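Enquirer: So that we are looking at the same thing, I have put the structure below in structure tokens.
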Number of protein chains: 2
Amino acid sequence: MAVEAYTRLERIFARLNVLDDVLGVLHWDMSTMMPEGGAEARAEQLATLRSLHHDMLTASQVVELLDGAEAERSALNAWQAANLREMRRDWVHAAAVPGDLVDALSRAVSTCEMAWRAARPASDFKAVRPLLEEVLRLVRETAQAKAAKLGTGAYDALLDQYEPGGRSAAIDHVFSDLESFLPTFLQEVVERRRDTGAQPPAGPFPVERQRALAVRLMEVLGFDFRHGRLDTSFHPFCGGTADDVRITTRYDEADFTSSLMGVLHETGHALYDFGLPAEWRRQPVGRARGMSLHESQSLLFEMQACRSREFLEFAAPLMRAAFDGEGAAWDADNLHGVYTRVGPGFIRVDADEVTYPAHVILRYRLEKAMIEGDLQVADLPGAWNEGMGRLLGITPPDDRRGCLQDIHWYDGAWGYFPTYTLGAMTAAQLFDAACRAEPGIPPALGRGDFAPLLGWLRVHVHGKGSLLEVDELLIEATGRPLDAAVFKEHLRRRYLA
Amino acid sequence: MAVEAYTRLERIFARLNVLDDVLGVLHWDMSTMMPEGGAEARAEQLATLRSLHHDMLTASQVVELLDGAEAERSALNAWQAANLREMRRDWVHAAAVPGDLVDALSRAVSTCEMAWRAARPASDFKAVRPLLEEVLRLVRETAQAKAAKLGTGAYDALLDQYEPGGRSAAIDHVFSDLESFLPTFLQEVVERRRDTGAQPPAGPFPVERQRALAVRLMEVLGFDFRHGRLDTSFHPFCGGTADDVRITTRYDEADFTSSLMGVLHETGHALYDFGLPAEWRRQPVGRARGMSLHESQSLLFEMQACRSREFLEFAAPLMRAAFDGEGAAWDADNLHGVYTRVGPGFIRVDADEVTYPAHVILRYRLEKAMIEGDLQVADLPGAWNEGMGRLLGITPPDDRRGCLQDIHWYDGAWGYFPTYTLGAMTAAQLFDAACRAEPGIPPALGRGDFAPLLGWLRVHVHGKGSLLEVDELLIEATGRPLDAAVFKEHLRRRYLA
């Protein structure tokens, strides 16, 4: 049987994929290179391309072909069937929302994000508030339209964009579990580790040297600079395209440790992109399998591998050499202490892995409340500060260190936050499975050899693209679905052993 | 009378304009930032966007609306009528060529340009020859298709893409005129100036200091860094979009003078883009009026203004200070001598304004012969070297300094070269008219004050967009059509006075 409709869909989705890639490059440029006066024209470019993408995906021809391809299903192989499932998924999300709304949201987000860039350092929530209100209004409208098509609640419809098949009922369950474990655990850890006295080496650390060290360690992890770059942006990210991965960081001349680990985190994202099957590049099934799995790769490299004692034994002499460091502050022992410090703080991206889930749980509850109409943007700063007090016992002194710190809401990424903590749990579970299968992985990290770890991930995660659903992939790779137990065990072993 | 069809066209062309802008950003990134491994994916992106652009412009709806708008012509104001004329122009060029051919050419050009980047430093013409043959084959096919629609010869159909209304019969006339004037003039100049002994200051000149000086002088000319950037690329260009102009240069640590003047040249291009009416941004009539006029703006700033004795009196102390220079080599007198040296050389972009037309005439004749089938790509190196011997009395020792030096043919830009020399003549004519109208311009340049010059250009050139045809604009601005006499007079005054 010929698969004519399916074959025509492949051609259409290849074109859509190219538009996605172009959006990736434009977004990278906007965050790293673009002069501020280019903002308005760039917003126009992003909105136009998104609207073209939307028009192409929702053209009547596409749904006819999707139905036609369903009729050809018996002739499709497993790869094609999975590809068709992902095409349908894309279409459902796109077709649920009218083009005008897509366009309006894209413009509102571009404007709001640019304003946020100025409002954050000035700690001026009021300046960006009306723009955020407009973004929320359009995001809620989008969520309701998608919920109607997906048969979910409004929040789940947004979550589903980042975490296909993800549902807040399951998240509520896991997050409640963590919330009952973490406060006691945190207290125990803080008390137990009060006397480690780990102190980061004293600076200043010139940006150029920080960058050179970051590049060196990116290469150690397996980053291929023929297919990527490291640049500077306000909010670090991994972008570009799978053949040309652009990661970014920001530098602090007083402390190199945070930027460096941020780079290794983004490198984990990049390695996932690099590892997606090259021959599947232009098809939906060739994409990364959702955001929790993407985050699991960054956190696997950052939290599981690079903050391990083994890796820091290898990396400490490189760090010392990079800055001509002297003294015990540069010993692996102290650096390991620095990189496993635990304590409540205001900033999510600087948080340790024990307190990080509290940051995520706060944002998850706030964004869910805003989407469901139970919290107004005007009340966000207050609700944020109240939540920080309740979850971590601290109150941000200003909105810069409160509700202005993250780009996500201002950039239209609602329903994204929970994937960070799902990712942390997934990372622990995958790393555990990898080390059981290949006991040589931890000692290899001690020699700066990431090949055994990367080899396992290439086979069990990266090389799968979106062939499987998240749960299926995890069961195949680790023998069971996502389970907080391994994450908790990891925390106990690292912080209480 | 309602102008419904016309109004709908404005919306369509605004979208097309955004795609042009996106292509500008992607092209800039490819030349300045992209790692080499991204080349294949980028070629795909450029080809897909060009093909989308082509599809949108040649959709049956567009030609129906163009015909509909013609019927509304009596209700259009002059601006709208000019806009409609430019829309029709775009459509004729696009509709003449089948989408498959546009796509194939775009891919061939991307591949060829990347290969040229490696072949040029290696002086390896053979490595790029088959790719150039493929580009030529597709360019000829394109030219023939357009010629049939335009009622011109094949070469003129290509020329018309860059110089709307330009015809090779007119160019042949002007170029023959120059060819009969220049050899004798060149000989006279070389003899007369044999003893000036101007020598560029001795280096090395660190790249960072060169860049800082370039930025300083760009600001003096009027470049607005809130709306643009200066970066490094293999072949300098002015790109990006009118709201976000990206110019590039390349640095030579042994000699700052050439890169610096190159930057001021590209700044002239940028100032034209900045000066296009902001409220016409997204419409065809708001674009720059063809390539000879664009080049006239870069050459007006470079050749007429910045190599003038007045400006160099102002700039010499800044150059000295930038490099902590000492001695007479940094005097305005010597620097003026350096910046007005004349003599045959291999490289077009380093050529002085007296020998430059010979470079252009050579390329014009070679590309015309290749398009017309009278010269094969395999015979290009020989024909190039023979022509250099005949026109300038020198023979390139290798293809790096011969037919591999320019990006144009490898990048698909056939029919472009003559606009450089048309631009040089236009620059002389416009600068002459500006100084007659505003005699304060030359003394202002001596104070580093470009406002009077820029003010005149804003009114008479930049602010016109594509409202007028090239000839009309020149007659309005200078009182007569393009005329080599002013250019010759400029050369005589500068080099023989």
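By convention here, the chains of the structure tokens are called A, B, ... in the order presented, each chain's residues are numbered starting at 1, and ligands are numbered starting at 1 in the order presented.
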Can you check which residues of chain B have any atom within 8 Å of chain A? Use only C-alpha atoms and format it as a list in words.

Expert: Arg15, Val18, Leu19, Asp21, Val22, Val25, Leu26, Met34, Pro35, Glu36, Gly37, Gly38, Ala41, Glu44, Gln45, Thr48, Phe225, Arg226, His227, Gly228, Arg229, Asp243 and Asp244 of chain B

Enquirer: Residues within 10 Å of Ala358 of chain A, please, as a PyMOL selection string. Count only C-alpha atoms; anything in the same chain fewer than 3 positions from it doesn't count.

Expert: chain A and resi 175+178-179+182-183+344+348+351+353-355+361-364+387-388+390-392+421

Enquirer: For Ala413 of chain A, please output as a ChimeraX atom specification all residues within 10 Å (counting only C-alpha atoms; exclusion window: fewer than 6 positions along the same chain).

Expert: /A:109,139,158-159,161-162,407

Enquirer: Between atom CA of Leu84 of chain A and atom CA of Arg50 of chain B, measure the distance and give it in Å to one decimal.

Expert: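 Those two atoms sit 27.3 Å apart.
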
Enquirer: Considering only C-alpha atoms, state which residue in the set B:Ile475, B:Met291, B:Met425, B:Ala305 is at the smallest distance from Gly166 of chain B.

Expert: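 Smallest distance to Gly166 of chain B is found for B:Met291.
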
Enquirer: Could you pull out the alpha helix (DSSP H) residues of segment 165-361 of chain A from DSSP and send them as a ChimeraX atom specification?

Expert: /A:168-192,207-221,256-275,291-299,309-322,332-339,356-361

Enquirer: When you look at Asp471 of chain B with a cut-off of 10 Å (counting only C-alpha atoms), what residues show up, excluding the ones that are within fewer than 6 positions of it in the same chain? I need them as an mmCIF file with N, CA and C atoms, in the first residue's frame.

Expert:
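After the write, selection_23.cif holds the following:
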data_model
loop_
_atom_site.group_PDB
_atom_site.id
_atom_site.type_symbol
_atom_site.label_atom_id
_atom_site.label_comp_id
_atom_site.auth_asym_id
_atom_site.auth_seq_id
_atom_site.Cartn_x
_atom_site.Cartn_y
_atom_site.Cartn_z
ATOM 1 N N GLY B 165 15.948 49.130 -14.243
ATOM 2 C CA GLY B 165 15.990 49.981 -15.435
ATOM 3 C C GLY B 165 17.370 50.090 -16.074
ATOM 4 N N GLY B 166 18.401 49.575 -15.412
ATOM 5 C CA GLY B 166 19.765 49.651 -15.959
ATOM 6 C C GLY B 166 19.907 48.739 -17.178
ATOM 7 N N ALA B 477 18.104 65.890 -7.770
ATOM 8 C CA ALA B 477 19.126 66.217 -6.765
ATOM 9 C C ALA B 477 20.258 67.049 -7.343
ATOM 10 N N ARG B 480 20.863 67.103 -13.362
ATOM 11 C CA ARG B 480 21.103 66.397 -14.632
ATOM 12 C C ARG B 480 21.229 64.893 -14.410
ATOM 13 N N PRO B 481 21.074 64.114 -15.481
ATOM 14 C CA PRO B 481 21.248 62.658 -15.338
ATOM 15 C C PRO B 481 22.722 62.311 -15.135
ATOM 16 N N LEU B 482 22.985 61.036 -14.909
ATOM 17 C CA LEU B 482 24.353 60.599 -14.632
ATOM 18 C C LEU B 482 25.272 60.962 -15.791
#

Enquirer: What is the distance, in Å and to one decimal place, between atom CA of Leu453 of chain B and atom CA of Gly337 of chain B?

Expert: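 Going from atom CA of Leu453 of chain B over to atom CA of Gly337 of chain B covers 23.8 Å.
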
Enquirer: Just list the residues in segment 208-358 of chain A DSSP gives strand (DSSP E or B) on the backbone, as a PyMOL selection string.

Expert: chain A and resi 228-232+238-241+244-249

Enquirer: Write to file, as a PDB file, in the first residue's frame, the residues of the selection just made, with C-alpha atoms.

Expert:
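Written output follows (part31.pdb):
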ATOM      1  CA  GLY A 228      27.971  25.332  18.203  1.00  0.00           C
ATOM      2  CA  ARG A 229      29.024  28.449  20.103  1.00  0.00           C
ATOM      3  CA  LEU A 230      29.212  29.891  23.601  1.00  0.00           C
ATOM      4  CA  ASP A 231      28.054  33.507  24.014  1.00  0.00           C
ATOM      5  CA  THR A 232      26.785  35.886  26.648  1.00  0.00           C
ATOM      6  CA  CYS A 238      20.533  26.702  24.967  1.00  0.00           C
ATOM      7  CA  GLY A 239      19.173  27.648  21.553  1.00  0.00           C
ATOM      8  CA  GLY A 240      19.915  27.693  17.859  1.00  0.00           C
ATOM      9  CA  THR A 241      19.337  24.451  15.997  1.00  0.00           C
ATOM     10  CA  ASP A 244      24.301  24.643  15.286  1.00  0.00           C
ATOM     11  CA  VAL A 245      23.682  24.756  19.019  1.00  0.00           C
ATOM     12  CA  ARG A 246      24.128  28.150  20.661  1.00  0.00           C
ATOM     13  CA  ILE A 247      24.515  28.153  24.418  1.00  0.00           C
ATOM     14  CA  THR A 248      24.917  31.253  26.533  1.00  0.00           C
ATOM     15  CA  THR A 249      25.986  32.257  30.013  1.00  0.00           C
TER      16      THR A 249
END

Enquirer: I'd like the interatomic distance between atom CA of Lys488 of chain A and atom CA of Glu191 of chain A, to a tenth of an Å.

Expert: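 Going from atom CA of Lys488 of chain A over to atom CA of Glu191 of chain A covers 18.0 Å.
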
Enquirer: Using only C-alpha atoms, which of the listed residues (B:Ser296, B:Gln376, B:Ser233, B:Gln199) sits closest to Thr340 of chain B?

Expert: B:Gln199

Enquirer: Which residue, B:Ala104, B:Ala59, B:Leu66, B:Ala288, has the smallest gap to Leu468 of chain B when you use only C-alpha atoms?

Expert: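 When distances to Leu468 of chain B are compared using only C-alpha atoms, the smallest one comes from B:Ala288.
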
Enquirer: Taking only C-alpha atoms into account, which of A:Glu253, A:Leu300, A:Glu367, A:Gly382 comes nearest Phe323 of chain A?

Expert: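 When distances to Phe323 of chain A are compared using only C-alpha atoms, the smallest one comes from A:Glu253.
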